[in-house]
Amino acid sequence: QCSSLVDLVYFITMFKPGIRPGLLSSAIICFLVIDYIRKRKVFIKSWIDAVVVLYIIYNIFSILWYFVSGASMLIFVREFSNSMLPAFFYFFGVRDDFSNKRFYSNTLRALVFSFFVGFVLFIQLPYFYRFYLSTIDGIGGTDPVLLEVFYRSIFGLTITSSLSGIGILLSYDKIYSNKGKKGKIELIICIVALVLTFRRSGLYVGIVSILILNYLSFMKYNLLKYRYLFLEVLAVIVAILLLNRSYPDFLPIIIDRISMLEDAFQRQESWKSGIKNMNNHLFGDGLGIYGHKAVNESVNIIPDGNYFRMYAEIGIFGLLLFLSIIFSSLSKGFKNIRRNYLELGIILTISIQAIGSDVFSFMLISPLLWYSVGRLQQHYNR
């Protein structure tokens with residue numbers, strides 16, 4: 001229900017740009033957190049619960065560095081609402097019923113609907129849609145030429161790329177759960193959305209995810225019958241032939257984007273520059289101080305490299321806390337891949353994309369990460 005409500009706000013924002021979907025998302029999360037605390041007084045039941053609580057508290061106290069630097073507190077508030085409020089989704093995942101997958105199914109339903117609407121708008125490119133994207137994605141204008149290459153749905157380019165990759169995982173899970181009877185349409189929509197974004201990180205992760213999921217489902221665990229693999233390969237061949245016939249330049253562009261791996265490392269100069277300007281390597285200079293929220297107040301930002309930015313903002317100590325949570329969850333998840341493949345896939349997808357994108361700071365993505373981490377912990381406890 002919350003996913004659908006956020007989707008609705010994004011649609012309204014296209015017509016009323018003054019509405020801020022991030023503000024509503026923060027309000028929803030705050031409501032959920034307050035309701036959780038009211039109903040369940042015990043937060044900490046394991047050591048990883050304690051580490052998550054410590055990580056949240058640690059980030060709260062990083063506001064103290066703002067008093068030292070004199071930077072605007074609004075930067076901290078915005079960054080905290082985007083990257084740290086969603087951390088409470090860990091507790092929703094770790095306390096949720098083991099068999100309850102409504103969070104995932106509702107998320108997939110909202111994503112598919114958003115992508116479909118995005119396809120319609122992407123084809124037509126009405127002015128209100130161009131103005132909306134120029135506002136949220138900073139593309140520099142409303143000229144259709146600026147928007148007709150990369151598919152952004154209603155979320156923006158980077159978020160759409162990440163969410164479509166996650167949508168592929170959720171679609172596969174639906175296919176497995178229904179023995180191949182449901183989920184194929186959702187899978188096709190998510191794959192098309194991912195490909196049309198032309199994002200390198202999304203394409204890499206998407207291709208690897210599909211290959212691994214096929215290996216697990218057809219060869220290792222026999223989750224699906226081989227006729228579905230035949231149909232999948234046939235569909236890929238037909239799609240390639242049709243694309244090559246109708247749009248001969250499309251496939252070469254995709255191949256070029258995938259092969260441009262070295263270009264992804266050109267950002268390392270901005271990473272080095274930002275880290276060189278940080279003052280406190282142990283505890284960092286304050287949550288959000290080097291992020292996009294500070295772009296109007298500082299030239300020392302670290303764009304498109306979440307781990308480097310986290311190191312600069314919350315220091316070695318904060319980064320190690322975060323990595324301990326992620327690695328601990330992954331190590332537990334890999335002990336039973338057949339049961340935990342979905343959570344493992346979501347965590348790895350987001351974590352890998354964070355090398356070159358600020359996906360941990362996106363309010364539409366971060367809850368999925370923390371909820372999956374909580375689910376893995378719950379699986380391990382059982």
# chains A, B, ... in the order shown; residues from 1 in each chain; ligands from 1

$ closest_atom_pairs --of "stretch 312-370 of chain A" --to "stretch 144-162 of chain A" --cutoff "9 Å" --atoms "only C-alpha atoms" --output "CSV"
residue,atom,partner,partner_atom,distance
A:Thr349,CA,A:Ser162,CA,7.9
A:Ile350,CA,A:Ser162,CA,7.2
A:Gln353,CA,A:Ser162,CA,7.6
A:Ser357,CA,A:Thr158,CA,7.7
A:Asp358,CA,A:Thr158,CA,8.8
A:Val359,CA,A:Ile159,CA,7.5
A:Phe362,CA,A:Ile159,CA,7.4
A:Leu364,CA,A:Ile159,CA,7.6
A:Ile365,CA,A:Ile159,CA,7.4

$ select_by_dssp --residues "stretch 95-188 of chain A" --states "helix (DSSP H, G or I)" --output "ChimeraX atom specification"
/A:95,102-124,127-137,144-146,157-177,184-188

$ closest_residue --among "A:Tyr290, A:Phe327, A:Phe76, A:Tyr172" --to "A:Met310" --atoms "only C-alpha atoms"
A:Tyr290

$ atom_distance --atom1 "atom CA of A:Ile34" --atom2 "atom CA of A:Gly93"
15.8 Å

$ closest_residue --among "A:Phe61, A:Phe31, A:Tyr380, A:Phe116" --to "A:Gly284" --atoms "only C-alpha atoms"
A:Phe61
